[in-house]
Every structure is written in C-alpha cells, then in structure tokens.
$ cat entry15.cif   # mmCIF, C-alpha atoms and all ligand atoms
data_final
#
loop_
_atom_site.label_atom_id
_atom_site.label_comp_id
_atom_site.auth_asym_id
_atom_site.auth_seq_id
_atom_site.Cartn_x
_atom_site.Cartn_y
_atom_site.Cartn_z
CA MET A 254 135.81 20.20 34.47
CA LEU A 255 135.85 23.93 34.21
CA HIS A 256 138.26 25.94 36.26
CA LYS A 257 136.67 28.21 38.74
CA PRO A 258 137.64 31.83 38.10
CA ASP A 259 139.68 32.93 41.07
CA LEU A 260 139.86 36.64 40.40
CA LEU A 261 137.43 37.69 43.08
CA ASP A 262 140.09 36.92 45.65
CA HIS A 263 142.13 39.84 44.38
CA HIS A 264 139.36 42.37 44.44
CA HIS A 265 138.27 45.04 46.82
CA SER A 266 134.70 46.21 47.10
CA ASP A 267 135.63 49.17 44.92
CA SER A 268 138.32 49.42 42.29
CA SER A 269 141.58 49.55 44.18
CA PRO A 270 144.80 51.49 43.64
CA GLU A 271 146.71 48.29 44.43
CA GLN A 272 145.28 46.72 41.33
CA ALA A 273 145.94 49.81 39.28
CA SER A 274 149.64 49.62 40.11
CA GLN A 275 150.05 46.03 38.91
CA THR A 276 151.13 47.10 35.44
CA ALA A 277 154.81 47.93 35.26
CA PRO A 278 155.04 51.72 35.46
CA ASP A 279 157.58 51.94 32.63
CA TRP A 280 155.22 50.74 29.90
CA SER A 281 154.27 53.64 27.69
CA VAL A 282 150.68 54.83 27.77
CA GLN A 283 149.98 53.25 24.36
CA SER A 284 150.89 49.84 25.78
CA GLN A 285 148.98 50.39 28.99
CA LEU A 286 145.85 51.16 26.99
CA ILE A 287 145.99 47.63 25.54
CA HIS A 288 146.70 45.72 28.76
CA HIS A 289 146.10 47.78 31.85
CA GLY A 290 143.45 46.64 34.32
CA MET A 291 143.27 43.15 32.77
CA GLU A 292 142.70 40.34 35.26
CA ARG A 293 142.19 37.03 33.50
CA SER A 294 139.77 34.55 34.99
CA GLY A 295 140.67 30.87 35.32
CA PHE A 296 139.64 30.39 31.68
CA GLY A 297 142.66 32.31 30.42
CA GLU A 298 140.66 34.36 27.92
CA THR A 299 142.60 36.72 25.62
CA ALA A 300 140.06 39.52 25.61
CA GLU A 301 138.65 41.14 28.71
CA ALA A 302 135.71 39.27 30.23
CA LEU A 303 132.33 40.92 30.63
CA TYR A 304 130.85 40.50 34.10
CA LEU A 305 127.23 41.31 33.48
CA THR A 306 126.10 40.88 37.08
CA SER A 307 124.32 43.12 39.53
CA GLY A 308 125.33 41.23 42.69
CA TYR A 309 127.81 38.73 44.15
CA VAL A 310 127.38 35.60 46.26
CA TYR A 311 129.22 34.84 49.48
CA THR A 312 130.45 31.43 50.59
CA SER A 313 129.03 31.97 54.08
CA ALA A 314 127.11 34.42 56.22
CA GLU A 315 130.39 35.13 57.99
CA GLN A 316 132.02 36.13 54.70
CA ALA A 317 129.14 38.49 53.89
CA GLU A 318 129.51 40.08 57.31
CA ALA A 319 133.27 40.42 56.88
CA ARG A 320 132.88 41.96 53.44
CA PHE A 321 130.42 44.57 54.68
CA LYS A 322 132.78 45.34 57.57
CA GLY A 323 135.63 45.78 55.09
CA ASP A 324 137.67 42.90 56.53
CA ASP A 325 137.17 40.71 53.45
CA GLN A 326 138.09 42.01 50.03
CA GLY A 327 135.61 41.55 47.21
CA TYR A 328 132.63 43.02 45.46
CA ILE A 329 129.33 43.64 47.26
CA TYR A 330 126.94 45.08 44.72
CA SER A 331 127.43 46.56 41.25
CA ARG A 332 126.25 50.02 42.33
CA TYR A 333 129.40 50.01 44.50
CA GLY A 334 131.69 48.26 42.09
CA ASN A 335 131.86 45.70 39.29
CA PRO A 336 134.93 43.96 37.79
CA THR A 337 134.23 45.17 34.23
CA VAL A 338 133.55 48.73 35.38
CA SER A 339 136.80 48.57 37.43
CA LEU A 340 138.67 47.50 34.30
CA PHE A 341 137.53 50.61 32.44
CA GLU A 342 138.26 52.82 35.47
CA HIS A 343 141.81 51.49 35.88
CA ARG A 344 142.59 51.82 32.20
CA LEU A 345 141.35 55.41 32.02
CA ALA A 346 143.12 56.38 35.26
CA ALA A 347 146.37 55.01 33.81
CA LEU A 348 145.92 57.15 30.72
CA GLU A 349 144.92 60.25 32.68
CA GLY A 350 147.64 59.85 35.30
CA THR A 351 145.29 60.16 38.28
CA GLU A 352 145.09 57.92 41.33
CA ARG A 353 141.40 57.29 40.84
CA CYS A 354 138.72 57.13 38.18
CA VAL A 355 135.02 56.58 38.77
CA ALA A 356 132.96 55.53 35.75
CA VAL A 357 129.35 56.66 35.52
CA ALA A 358 126.47 56.33 33.07
CA SER A 359 126.96 59.53 31.04
CA GLY A 360 129.11 62.61 30.73
CA MET A 361 126.46 64.67 32.48
CA ALA A 362 126.32 62.20 35.39
CA ALA A 363 130.11 62.64 35.68
CA MET A 364 129.96 66.41 35.61
CA HIS A 365 127.04 66.54 38.05
CA ALA A 366 128.64 64.08 40.48
CA ALA A 367 131.97 65.94 40.41
CA LEU A 368 130.28 69.21 41.38
CA ALA A 369 127.46 68.00 43.62
CA CYS A 370 129.74 65.82 45.77
CA ARG A 371 131.97 68.81 46.54
CA LEU A 372 129.42 71.62 47.02
CA SER A 373 127.05 72.44 49.88
CA SER A 374 124.35 75.05 50.32
CA GLY A 375 125.94 78.48 50.59
CA ASP A 376 128.93 77.56 48.42
CA HIS A 377 129.89 79.36 45.23
CA ILE A 378 131.22 78.18 41.89
CA VAL A 379 133.10 80.13 39.24
CA ALA A 380 132.75 78.78 35.70
CA SER A 381 133.86 79.76 32.26
CA LYS A 382 130.77 80.89 30.35
CA ALA A 383 131.69 79.02 27.16
CA LEU A 384 130.17 75.69 28.21
CA PHE A 385 128.33 72.67 26.89
CA GLY A 386 124.60 73.44 27.18
CA SER A 387 123.74 70.88 29.89
CA CYS A 388 126.79 71.87 31.98
CA LEU A 389 125.49 75.43 31.90
CA GLN A 390 122.04 74.18 32.98
CA ILE A 391 123.51 72.37 36.01
CA ILE A 392 125.43 75.43 37.13
CA THR A 393 122.75 78.05 36.45
CA GLY A 394 119.57 75.97 36.94
CA VAL A 395 120.04 72.85 39.08
CA LEU A 396 122.67 73.73 41.69
CA PRO A 397 121.16 77.14 42.61
CA ARG A 398 118.03 75.25 43.78
CA TYR A 399 120.26 73.69 46.44
CA GLY A 400 121.71 77.02 47.50
CA VAL A 401 124.87 77.01 45.37
CA SER A 402 125.52 80.37 43.71
CA TYR A 403 127.67 80.96 40.65
CA THR A 404 129.61 83.52 38.66
CA LEU A 405 130.23 83.01 34.95
CA VAL A 406 133.45 84.51 33.61
CA ASP A 407 135.25 84.86 30.30
CA GLY A 408 137.50 81.81 30.79
CA THR A 409 140.27 83.29 28.66
CA ASP A 410 140.61 86.27 31.05
CA LEU A 411 142.78 85.13 33.98
CA SER A 412 142.03 88.21 36.09
CA ALA A 413 138.28 87.44 35.81
CA TRP A 414 138.80 84.10 37.60
CA GLN A 415 140.73 85.84 40.37
CA THR A 416 138.21 88.65 40.78
CA ALA A 417 135.22 86.30 40.95
CA ILE A 418 136.50 84.44 44.03
CA THR A 419 134.43 84.87 47.20
CA PRO A 420 135.07 83.39 50.66
CA ARG A 421 132.59 80.61 49.77
CA THR A 422 134.08 79.71 46.38
CA LYS A 423 134.75 75.96 46.40
CA VAL A 424 134.94 75.07 42.71
CA PHE A 425 136.32 76.43 39.44
CA PHE A 426 134.86 74.76 36.37
CA CYS A 427 135.78 75.01 32.72
CA GLU A 428 135.74 73.21 29.44
CA THR A 429 138.69 73.57 27.08
CA PRO A 430 138.53 73.60 24.12
CA ALA A 431 135.06 75.02 24.56
CA ASN A 432 132.04 73.83 22.62
CA PRO A 433 131.61 74.96 19.84
CA THR A 434 133.91 77.97 19.57
CA LEU A 435 137.09 76.02 20.42
CA SER A 436 138.35 78.88 22.57
CA LEU A 437 140.91 77.74 25.16
CA VAL A 438 141.41 78.18 28.88
CA ASP A 439 145.00 78.17 30.19
CA ILE A 440 144.68 75.19 32.55
CA GLN A 441 148.01 75.72 34.30
CA ALA A 442 147.38 79.39 35.01
CA VAL A 443 143.83 78.87 36.28
CA ALA A 444 145.03 75.92 38.40
CA GLN A 445 147.53 78.21 40.09
CA ILE A 446 144.81 80.70 41.01
CA ALA A 447 142.61 77.87 42.29
CA ARG A 448 145.38 76.29 44.35
CA ALA A 449 146.28 79.56 46.06
CA ALA A 450 142.65 79.93 47.21
CA GLN A 451 142.16 76.22 48.05
CA ILE A 452 139.55 75.87 45.34
CA THR A 453 138.90 72.54 43.56
CA PHE A 454 139.53 72.97 39.83
CA VAL A 455 137.28 70.75 37.69
CA VAL A 456 138.03 70.47 33.96
CA ASP A 457 135.61 68.92 31.44
CA ASN A 458 138.07 67.31 29.02
CA ALA A 459 135.55 65.71 26.67
CA PHE A 460 136.41 67.88 23.68
CA ALA A 461 140.14 67.25 23.74
CA SER A 462 140.07 63.63 24.97
CA PRO A 463 142.84 62.32 27.25
CA VAL A 464 144.97 61.62 24.17
CA VAL A 465 145.19 65.28 23.17
CA GLN A 466 145.25 66.92 26.60
CA ARG A 467 146.13 65.63 30.05
CA ALA A 468 144.79 68.13 32.55
CA ALA A 469 146.03 66.48 35.76
CA PRO A 470 149.76 67.18 35.17
CA LEU A 471 148.76 70.78 34.36
CA GLY A 472 147.21 71.15 37.82
CA ALA A 473 143.52 70.28 37.39
CA ASP A 474 142.18 68.50 40.48
CA VAL A 475 139.25 66.71 38.89
CA ILE A 476 138.82 65.80 35.21
CA THR A 477 135.43 64.80 33.86
CA TYR A 478 134.66 62.96 30.64
CA SER A 479 131.77 62.22 28.44
CA ALA A 480 133.04 58.77 27.37
CA THR A 481 130.24 58.86 24.81
CA LYS A 482 132.47 61.07 22.67
CA HIS A 483 136.04 60.12 21.71
CA ILE A 484 136.40 57.27 24.21
CA ASP A 485 133.64 55.16 22.69
CA GLY A 486 134.09 57.03 19.44
CA GLN A 487 131.93 54.62 17.49
CA GLY A 488 128.49 55.91 18.35
CA ARG A 489 127.47 52.90 20.49
CA CYS A 490 126.93 53.83 24.10
CA LEU A 491 126.74 56.62 26.65
CA GLY A 492 129.27 56.78 29.43
CA GLY A 493 131.14 59.16 31.67
CA ALA A 494 134.06 59.29 34.07
CA VAL A 495 135.49 61.39 36.89
CA CYS A 496 139.29 61.23 37.33
CA CYS A 497 140.70 62.50 40.62
CA SER A 498 143.06 61.99 43.55
CA GLU A 499 142.64 59.35 46.22
CA ALA A 500 141.77 62.15 48.68
CA PHE A 501 138.99 63.65 46.55
CA PHE A 502 137.67 60.13 45.87
CA SER A 503 137.46 59.03 49.49
CA GLU A 504 136.30 62.33 50.96
CA TYR A 505 133.75 63.46 48.38
CA LEU A 506 133.17 61.28 45.34
CA GLN A 507 132.89 57.73 46.64
CA PRO A 508 130.23 58.39 49.28
CA TYR A 509 128.25 60.47 46.78
CA VAL A 510 128.18 58.01 43.88
CA ARG A 511 127.69 54.92 46.07
CA HIS A 512 124.43 56.28 47.40
CA THR A 513 123.10 58.30 44.46
CA GLY A 514 123.73 55.50 41.93
CA PRO A 515 124.83 57.00 38.59
CA SER A 516 126.47 53.60 37.90
CA LEU A 517 127.76 52.62 34.48
CA SER A 518 126.38 49.38 33.05
CA PRO A 519 129.04 46.62 32.87
CA PHE A 520 128.17 46.14 29.21
CA ASN A 521 128.90 49.79 28.41
CA ALA A 522 132.04 49.62 30.58
CA TRP A 523 133.26 46.65 28.55
CA THR A 524 132.61 48.52 25.28
CA LEU A 525 134.44 51.59 26.58
CA ALA A 526 137.39 49.63 28.00
CA LYS A 527 137.90 47.92 24.64
CA ALA A 528 137.54 51.28 22.89
CA LEU A 529 140.43 52.65 24.99
CA GLU A 530 142.70 50.15 23.18
CA THR A 531 142.25 52.10 19.94
CA LEU A 532 141.72 55.60 21.38
CA ASP A 533 145.24 56.91 20.75
CA LEU A 534 145.25 55.57 17.20
CA ARG A 535 141.80 56.93 16.38
CA VAL A 536 142.18 60.36 17.90
CA SER A 537 145.67 60.89 16.45
CA ARG A 538 144.45 60.04 12.97
CA MET A 539 141.30 62.17 13.36
CA ALA A 540 143.40 65.13 14.53
CA ASP A 541 145.79 64.76 11.57
CA SER A 542 142.79 64.89 9.24
CA ALA A 543 141.26 67.81 11.16
CA LEU A 544 144.39 69.88 10.58
CA LEU A 545 144.30 69.18 6.84
CA ILE A 546 140.62 70.10 6.72
CA ALA A 547 141.12 73.28 8.79
CA GLU A 548 143.88 74.36 6.39
CA PHE A 549 141.65 73.63 3.42
CA LEU A 550 138.73 75.58 4.91
CA GLU A 551 140.91 78.56 5.77
CA GLU A 552 141.78 78.92 2.08
CA HIS A 553 138.22 78.44 0.82
CA SER A 554 136.52 81.55 -0.59
CA ALA A 555 133.09 80.57 0.83
CA VAL A 556 134.47 80.39 4.38
CA ASP A 557 134.85 83.53 6.50
CA ARG A 558 136.69 82.29 9.52
CA VAL A 559 138.07 78.99 10.84
CA SER A 560 138.66 78.19 14.49
CA TYR A 561 141.03 75.27 15.03
CA PRO A 562 143.53 75.13 17.92
CA GLY A 563 146.16 73.62 15.61
CA LEU A 564 146.17 76.57 13.18
CA PRO A 565 148.57 79.50 13.63
CA SER A 566 145.51 81.78 13.21
CA HIS A 567 143.91 80.51 16.45
CA PRO A 568 143.84 83.47 18.90
CA GLN A 569 145.22 81.27 21.70
CA GLY A 570 147.72 79.28 19.67
CA GLU A 571 150.35 79.62 22.39
CA ILE A 572 148.09 77.98 24.97
CA ALA A 573 147.29 75.20 22.50
CA LYS A 574 151.01 74.49 22.06
CA LYS A 575 151.52 74.45 25.82
CA GLN A 576 148.72 72.12 26.81
CA MET A 577 147.52 70.15 23.78
CA ARG A 578 149.40 67.43 21.89
CA ASN A 579 147.72 68.53 18.66
CA GLY A 580 144.73 70.66 17.59
CA GLY A 581 142.14 67.99 18.34
CA THR A 582 139.41 66.54 16.18
CA LEU A 583 136.94 69.45 16.00
CA VAL A 584 136.89 72.37 13.60
CA ALA A 585 134.50 75.33 13.77
CA PHE A 586 134.00 77.61 10.80
CA GLN A 587 131.72 80.37 9.60
CA VAL A 588 130.41 80.17 6.07
CA GLN A 589 129.79 83.35 4.14
CA GLY A 590 126.25 84.54 4.75
CA GLY A 591 123.92 83.42 7.53
CA LYS A 592 121.76 80.56 8.74
CA ALA A 593 120.32 79.74 5.30
CA ASP A 594 123.80 79.44 3.82
CA ALA A 595 125.02 77.24 6.68
CA PHE A 596 121.96 75.02 6.21
CA GLU A 597 122.60 74.80 2.47
CA VAL A 598 126.12 73.53 3.11
CA LEU A 599 124.95 70.98 5.73
CA ASN A 600 122.20 69.68 3.44
CA ALA A 601 124.59 69.32 0.51
CA LEU A 602 127.11 67.15 2.39
CA ARG A 603 127.05 63.48 1.36
CA LEU A 604 129.76 61.68 3.30
CA ILE A 605 129.65 63.92 6.37
CA LYS A 606 126.48 63.32 8.41
CA ILE A 607 124.37 65.88 10.29
CA SER A 608 124.47 65.03 14.00
CA ASN A 609 125.13 66.83 17.28
CA ASN A 610 127.36 64.02 18.55
CA LEU A 611 131.14 64.31 18.24
CA GLY A 612 134.38 62.37 18.54
CA ASP A 613 132.93 59.60 16.36
CA SER A 614 134.64 57.56 13.65
CA LYS A 615 132.00 59.01 11.32
CA SER A 616 132.50 62.70 10.50
CA LEU A 617 129.59 64.69 11.93
CA VAL A 618 128.50 68.25 11.34
CA THR A 619 126.13 70.45 13.31
CA HIS A 620 124.74 73.99 13.31
CA PRO A 621 125.19 74.99 16.98
CA ALA A 622 122.95 78.10 16.94
CA THR A 623 119.83 76.03 16.11
CA THR A 624 120.70 72.79 17.97
CA THR A 625 123.19 72.43 20.84
CA HIS A 626 123.12 76.14 21.72
CA ARG A 627 119.51 76.88 20.76
CA VAL A 628 118.43 77.74 24.32
CA LEU A 629 120.91 80.61 24.62
CA SER A 630 119.60 84.06 23.79
CA GLU A 631 120.97 85.61 20.60
CA GLU A 632 122.92 88.02 22.80
CA ASP A 633 124.49 85.22 24.86
CA ARG A 634 125.40 83.37 21.67
CA TRP A 635 127.15 86.44 20.35
CA ALA A 636 128.94 86.91 23.67
CA VAL A 637 130.66 83.53 23.28
CA GLY A 638 131.07 83.88 19.50
CA ILE A 639 128.38 81.57 18.10
CA SER A 640 127.03 83.19 14.96
CA SER A 641 124.20 81.94 12.76
CA SER A 642 126.71 81.08 10.04
CA MET A 643 128.85 78.89 12.34
CA VAL A 644 129.24 75.21 11.57
CA ARG A 645 130.93 72.68 13.86
CA LEU A 646 132.63 69.72 12.27
CA SER A 647 133.76 66.63 14.16
CA VAL A 648 136.34 64.98 11.94
CA GLY A 649 136.13 61.19 11.75
CA LEU A 650 138.20 58.35 10.35
CA GLU A 651 137.23 58.55 6.68
CA ALA A 652 140.01 59.27 4.18
CA PRO A 653 140.79 62.99 4.66
CA GLN A 654 140.76 63.60 0.89
CA ASP A 655 137.18 62.30 0.68
CA LEU A 656 136.12 64.66 3.48
CA ILE A 657 137.76 67.60 1.72
CA THR A 658 136.07 66.65 -1.56
CA ASP A 659 132.71 66.49 0.20
CA LEU A 660 133.19 69.87 1.92
CA ASP A 661 134.38 71.43 -1.32
CA GLN A 662 131.33 70.32 -3.33
CA ALA A 663 128.98 71.53 -0.54
CA LEU A 664 130.71 74.92 -0.11
CA SER A 665 130.82 75.49 -3.87
CA ARG A 666 127.03 75.96 -3.79
CA LEU A 667 127.49 79.28 -2.01
CA GLY A 668 127.92 81.99 -4.62
C1 LIG A 701 128.71 65.58 25.34
C2 LIG A 701 129.34 66.41 26.36
C3 LIG A 701 128.91 66.33 27.69
C4 LIG A 701 127.78 65.42 28.12
O1 LIG A 701 128.08 64.08 27.93
P1 LIG A 701 126.92 62.95 27.78
O2 LIG A 701 127.70 61.67 27.68
O3 LIG A 701 126.16 63.29 26.56
O4 LIG A 701 126.08 63.02 29.00
C5 LIG A 701 129.53 67.14 28.62
N1 LIG A 701 130.52 67.98 28.27
C6 LIG A 701 130.96 68.09 27.00
C7 LIG A 701 132.06 69.02 26.67
C8 LIG A 701 130.39 67.30 26.00
O5 LIG A 701 130.82 67.40 24.74
#
$ encode --input "entry15.cif" --output "structure tokens" --more "lines below"
Ligand SMILES: *Cc1c(COP(=O)(O)O)cnc(C)c1O
Amino acid sequence: MLHKPDLLDHHHSDSSPEQASQTAPDWSVQSQLIHHGMERSGFGETAEALYLTSGYVYTSAEQAEARFKGDDQGYIYSRYGNPTVSLFEHRLAALEGTERCVAVASGMAAMHAALACRLSSGDHIVASKALFGSCLQIITGVLPRYGVSYTLVDGTDLSAWQTAITPRTKVFFCETPANPTLSLVDIQAVAQIARAAQITFVVDNAFASPVVQRAAPLGADVITYSATKHIDGQGRCLGGAVCCSEAFFSEYLQPYVRHTGPSLSPFNAWTLAKALETLDLRVSRMADSALLIAEFLEEHSAVDRVSYPGLPSHPQGEIAKKQMRNGGTLVAFQVQGGKADAFEVLNALRLIKISNNLGDSKSLVTHPATTTHRVLSEEDRWAVGISSSMVRLSVGLEAPQDLITDLDQALSRLG
C-alpha cells in the first residue's frame, strides 16, 4: 500500500512565510540553496517532487468552503499557488533575503507585475535610461496608455534621480549592471533618495544574478528577475520572479498576480528550483572566467575598449566593489572598426555561439546595435554608449582557456 502524501496539511493557499522559516536560519546560503523549501511527500523522495496539477480536490464541501474563507490551509488553484512553484519561491526568497518571492512566467511578466501592481493613472515613474529593450517599452509605451507618466534619467547621476521626483512619483526603476553597457547604478544611494520621498525602488537584478548582487540589503524594495537567465542558466525555460516585503506582497502584488494570471508553470518552477542548487557554483565559475577574458581582451590590439565591472578600468569600479561580489558574467567590448568588423569577429567564433540570451552555461555573443537594441535610434544608442562596434559576451562554463583561444583566433582576423 502506498503512503498518502500528507504535505497538503502544512500548506497555505499561497506560499507562506511560516514555511520559509522552517530551515534553520544559521545555514549558509549555499546550503539553503540545496535544501530550502523542500517538503517531502509520504514517499520520502530525495529530489523535489513535481506537482504538475492545475487544481486540488477537497474532502468535503465544507472543506472547500473553509478553504475559500481562509479558515482551512491548503491550495485552491494553481493560478493562486502550487507546491512546486512555492518551492522555487521559498528557495529564491532565502537567497535574496526578502520575506516574499512571487514566481511568474517570464522576466517581463515579473517586471510588468512589479510596476503595474503599484502604479495608478496619474502616477509617475523615474527610470534609468540604460534599460533592457522590453523594460523600456513597458515604461515608455505600455504604462503611459494607462495614464502613468515617466522621466528617464542617467542612472549614474544621483542628482538626476532627485531632480526628477514629482509629487506623483511612486516608483524608481533601474537595472544594474545595465544591458549591454554594464554601467552601474549605486543602489544604496538611490535607495536613500527613494526612501526619503516614500518612493518604491524596483531593481531589475537579472544581469548580476542574486549570487553576485543582493539588492535588498542595499535598500531596494522590490527586486525582479528574469529566471530565464542565470537562474535556469541552461537554456531550457522562461521564468521570472518578484522578491519583496510581506507588506508589498499583501498590499500590491498578491491581488494583482492572483487575478491577472502571469503564473509560472509547475514544470518550469521545478526546473528553476533545481537550477538554484547549482546557481552559486555556476555563476562564481562563470565570473572567474569572465574576469580572465576581460583582462585578455583589454590587452588585445584589435579591441578598443572593454567594459567589465571587475576591471580597475571600469568607470564605476568603486560602486562595483561596494555592491557586487565580483564583476559578473558579462563582458562588453568594442572591436576596432565598425559593424562589419564586429560581424566578422562574431562569424569567426567557433566555440562561442551567436545568441541574444545570456547567463547560460554556453558562452553566447551578440551585437546589441543590430539585435537587442535595434529599435533605439542611433542617437539614443550613442547616448547610452552602444556603438556599432560593440559586442556583448555572456561567459559560460567552458574552459576559460578555450574561450580565450576562440576569441583570439576570431579577433586576429581584424587587421
Ligand atoms: C532578459 C531580461 C529581461 C526579460 O526577461 P524574459 O525572461 O526574457 O522575459 C528583463 N530584464 C533584463 C535585464 C533581462 O536581461
């Protein structure tokens, strides 16, 4: 006879902070990433179970009534909550150091939910202008249709954030390091400005990953992720997450996501939760390799300029030291010449693949001016520092010497 899994008895209709606190608080983050959020069923499985279910059954009509009233703890419907999605949420919240995490279907769903749940018609948002293309579209295209105005600022200029505040400013938004220039925003300093004006500070932390940069202890109120990037890190599935306080969750985020339904599939949640077990290892190794590659590129005669937050030459090296554990996994560089020369290098690479994704175990290279940042005008591209000779490299898990060999043979074709 099979044992009946008894874990539903422990669950709330949404992921609960009670469950999140079950792991002893003195385990280091590395250990929590292996075990946190685990609730074994009666089968005693070693690995996390996958609950691929959209709904839940009740033992009686009375139990269903009690659960809807909130008197009985348990799941109701997977748009509201699912045990496998909760597992991923608890594990990421433990890593991020926030009370809550809500997992959604993509990074853009996370970013949109974080902003849309907080803003109403007439409100104003201030955002750093160096942004991921779709984030820029939400702020300058989607939200204005609902009466939300915006000001874009140079995120590195602290006085610009201060000056842009209006009486209706509700949100500050930035991405740091920024895509693809790898310029940095001083999270702690901007958080101070936001706090003084009672503004919610939302940070898109996809580029750094929670291993390299933890924005909550620096004062960010809400941290959004594309889990598609480093968290999955193996090119398998889309996912996103919003990390926040209990107060932001209950007042803004929970009612919004419950009814708009950007829900993450349990299958993707399972993939992402398992990927968190190796996140620290993967990202640390990728960042070590990225530093070696950035140093190699800086010395190369066919390369004009390298932007890597872990290099002393980075214009905001002091901020990098203050808020990042290392320089991260991305390197941007300009080859000598223009678009044709950048293309020649991309086309000559053998081990490194051409793709606009990032944070993957496979090293990926892209030409931002003609792909991810194609919709910007030439002038806007120049304003944030994206030239036609710029190449963005996401450093993967291959042997660093092989990556350097590949880059060297490709760059040697230029003059
Ligand atoms: C990829 C990315 C997103 C969007 O994430 P998706 O999972 O593709 O929806 C948002 N912000 C940044 C910084 C990204 O790199």
$ residues_near_ligand --input "entry15.cif" --ligand "ligand LIG 701 (chain A)" --cutoff "8 Å" --atoms "all atoms listed in the file" --output "ChimeraX atom specification"
/A:358-364,384-385,387-388,428,431-432,457-460,478-482,491-493,610-611
$ write_last_selection --input "entry15.cif" --atoms "C-alpha atoms" --output "compact mmCIF listing (two decimals), keeping the file's coordinate frame"
# COMPACT_ATOMS: atom_id res chain seq x y z
CA ALA A 358 126.47 56.33 33.07
CA SER A 359 126.96 59.53 31.04
CA GLY A 360 129.11 62.61 30.73
CA MET A 361 126.46 64.67 32.48
CA ALA A 362 126.32 62.20 35.39
CA ALA A 363 130.11 62.64 35.68
CA MET A 364 129.96 66.41 35.61
CA LEU A 384 130.17 75.69 28.21
CA PHE A 385 128.33 72.67 26.89
CA SER A 387 123.74 70.88 29.89
CA CYS A 388 126.79 71.87 31.98
CA GLU A 428 135.74 73.21 29.44
CA ALA A 431 135.06 75.02 24.56
CA ASN A 432 132.04 73.83 22.62
CA ASP A 457 135.61 68.92 31.44
CA ASN A 458 138.07 67.31 29.02
CA ALA A 459 135.55 65.71 26.67
CA PHE A 460 136.41 67.88 23.68
CA TYR A 478 134.66 62.96 30.64
CA SER A 479 131.77 62.22 28.44
CA ALA A 480 133.04 58.77 27.37
CA THR A 481 130.24 58.86 24.81
CA LYS A 482 132.47 61.07 22.67
CA LEU A 491 126.74 56.62 26.65
CA GLY A 492 129.27 56.78 29.43
CA GLY A 493 131.14 59.16 31.67
CA ASN A 610 127.36 64.02 18.55
CA LEU A 611 131.14 64.31 18.24
$ residues_around --input "entry15.cif" --residues "Ser640 of chain A" --least-positions-apart "5" --cutoff "10 Å" --atoms "only C-alpha atoms" --output "list in words"
Thr434, Phe586, Gln587, Val588, Gly591, Lys592, His620, Pro621, Ala622, Glu631, Arg634 and Trp635 of chain A
$ write_last_selection --input "entry15.cif" --atoms "C-alpha atoms" --output "mmCIF file, keeping the file's coordinate frame"
data_model
loop_
_atom_site.group_PDB
_atom_site.id
_atom_site.type_symbol
_atom_site.label_atom_id
_atom_site.label_comp_id
_atom_site.auth_asym_id
_atom_site.auth_seq_id
_atom_site.Cartn_x
_atom_site.Cartn_y
_atom_site.Cartn_z
ATOM 1 C CA THR A 434 133.910 77.970 19.570
ATOM 2 C CA PHE A 586 134.000 77.610 10.800
ATOM 3 C CA GLN A 587 131.720 80.370 9.600
ATOM 4 C CA VAL A 588 130.410 80.170 6.070
ATOM 5 C CA GLY A 591 123.920 83.420 7.530
ATOM 6 C CA LYS A 592 121.760 80.560 8.740
ATOM 7 C CA HIS A 620 124.740 73.990 13.310
ATOM 8 C CA PRO A 621 125.190 74.990 16.980
ATOM 9 C CA ALA A 622 122.950 78.100 16.940
ATOM 10 C CA GLU A 631 120.970 85.610 20.600
ATOM 11 C CA ARG A 634 125.400 83.370 21.670
ATOM 12 C CA TRP A 635 127.150 86.440 20.350
#
$ atom_distance --input "entry15.cif" --atom1 "atom CA of Phe454 of chain A" --atom2 "atom CA of Cys496 of chain A"
12.0 Å
$ residues_around --input "entry15.cif" --residues "Arg448 of chain A" --least-positions-apart "4" --cutoff "10 Å" --atoms "all atoms listed in the file" --output "MDAnalysis selection string"
chainID A and resid 443:444 452:454 472:474
$ write_last_selection --input "entry15.cif" --atoms "C-alpha atoms" --output "tab-separated table (two decimals), in the coordinates of the input"
chain	number	residue	atom	x	y	z
A	443	VAL	CA	143.83	78.87	36.28
A	444	ALA	CA	145.03	75.92	38.40
A	452	ILE	CA	139.55	75.87	45.34
A	453	THR	CA	138.90	72.54	43.56
A	454	PHE	CA	139.53	72.97	39.83
A	472	GLY	CA	147.21	71.15	37.82
A	473	ALA	CA	143.52	70.28	37.39
A	474	ASP	CA	142.18	68.50	40.48
$ residues_around --input "entry15.cif" --residues "Ser281 of chain A" --least-positions-apart "4" --cutoff "12 Å" --atoms "only C-alpha atoms" --output "VMD selection string"
chain A and resid 276 to 277 285 to 289 347 to 348 350 533
$ closest_atom_pairs --input "entry15.cif" --of "segment 557-594 of chain A" --to "segment 400-420 of chain A" --cutoff "12 Å" --atoms "all atoms listed in the file" --output "JSON lines"
{"residue": "A:Pro568", "atom": "CA", "partner": "A:Thr409", "partner_atom": "CA", "distance": 10.4}
{"residue": "A:Gln569", "atom": "CA", "partner": "A:Thr409", "partner_atom": "CA", "distance": 8.8}
{"residue": "A:Ile572", "atom": "CA", "partner": "A:Thr409", "partner_atom": "CA", "distance": 10.1}
$ residues_around --input "entry15.cif" --residues "Gln654 of chain A" --least-positions-apart "5" --cutoff "10 Å" --atoms "only C-alpha atoms" --output "PyMOL selection string"
chain A and resi 542+545-546+659-660
$ residues_around --input "entry15.cif" --residues "Ser516 of chain A" --least-positions-apart "4" --cutoff "8 Å" --atoms "all atoms listed in the file" --output "PDB file with C-alpha atoms, in the coordinates of the input"
ATOM      1  CA  SER A 331     127.430  46.560  41.250  1.00  0.00           C
ATOM      2  CA  ARG A 332     126.250  50.020  42.330  1.00  0.00           C
ATOM      3  CA  ALA A 356     132.960  55.530  35.750  1.00  0.00           C
ATOM      4  CA  VAL A 357     129.350  56.660  35.520  1.00  0.00           C
ATOM      5  CA  ALA A 358     126.470  56.330  33.070  1.00  0.00           C
ATOM      6  CA  VAL A 510     128.180  58.010  43.880  1.00  0.00           C
TER       7      VAL A 510
END
$ atom_distance --input "entry15.cif" --atom1 "atom CA of Ser503 of chain A" --atom2 "atom CA of Pro519 of chain A"
22.4 Å
$ atom_distance --input "entry15.cif" --atom1 "atom CA of Glu349 of chain A" --atom2 "atom CA of Leu471 of chain A"
11.3 Å
$ closest_residue --input "entry15.cif" --among "A:Ser554, A:Ser616, A:Asn335, A:Ser436" --to "Gly488 of chain A" --atoms "all atoms listed in the file"
A:Ser616
$ closest_residue --input "entry15.cif" --among "A:Asp613, A:Glu551, A:Glu352, A:Asp485" --to "Ala585 of chain A" --atoms "all atoms listed in the file"
A:Glu551
$ closest_residue --input "entry15.cif" --among "A:Arg421, A:His483, A:His567, A:Lys575" --to "Gly649 of chain A" --atoms "all atoms listed in the file"
A:His483
$ axis_aligned_box --input "entry15.cif" --around "segment 373-381 of chain A" --padding-each-side "4 Å" --output "AutoDock Vina command-line options"
--center_x 129.1 --center_y 76.3 --center_z 41.4 --size_x 17.5 --size_y 15.7 --size_z 26.3
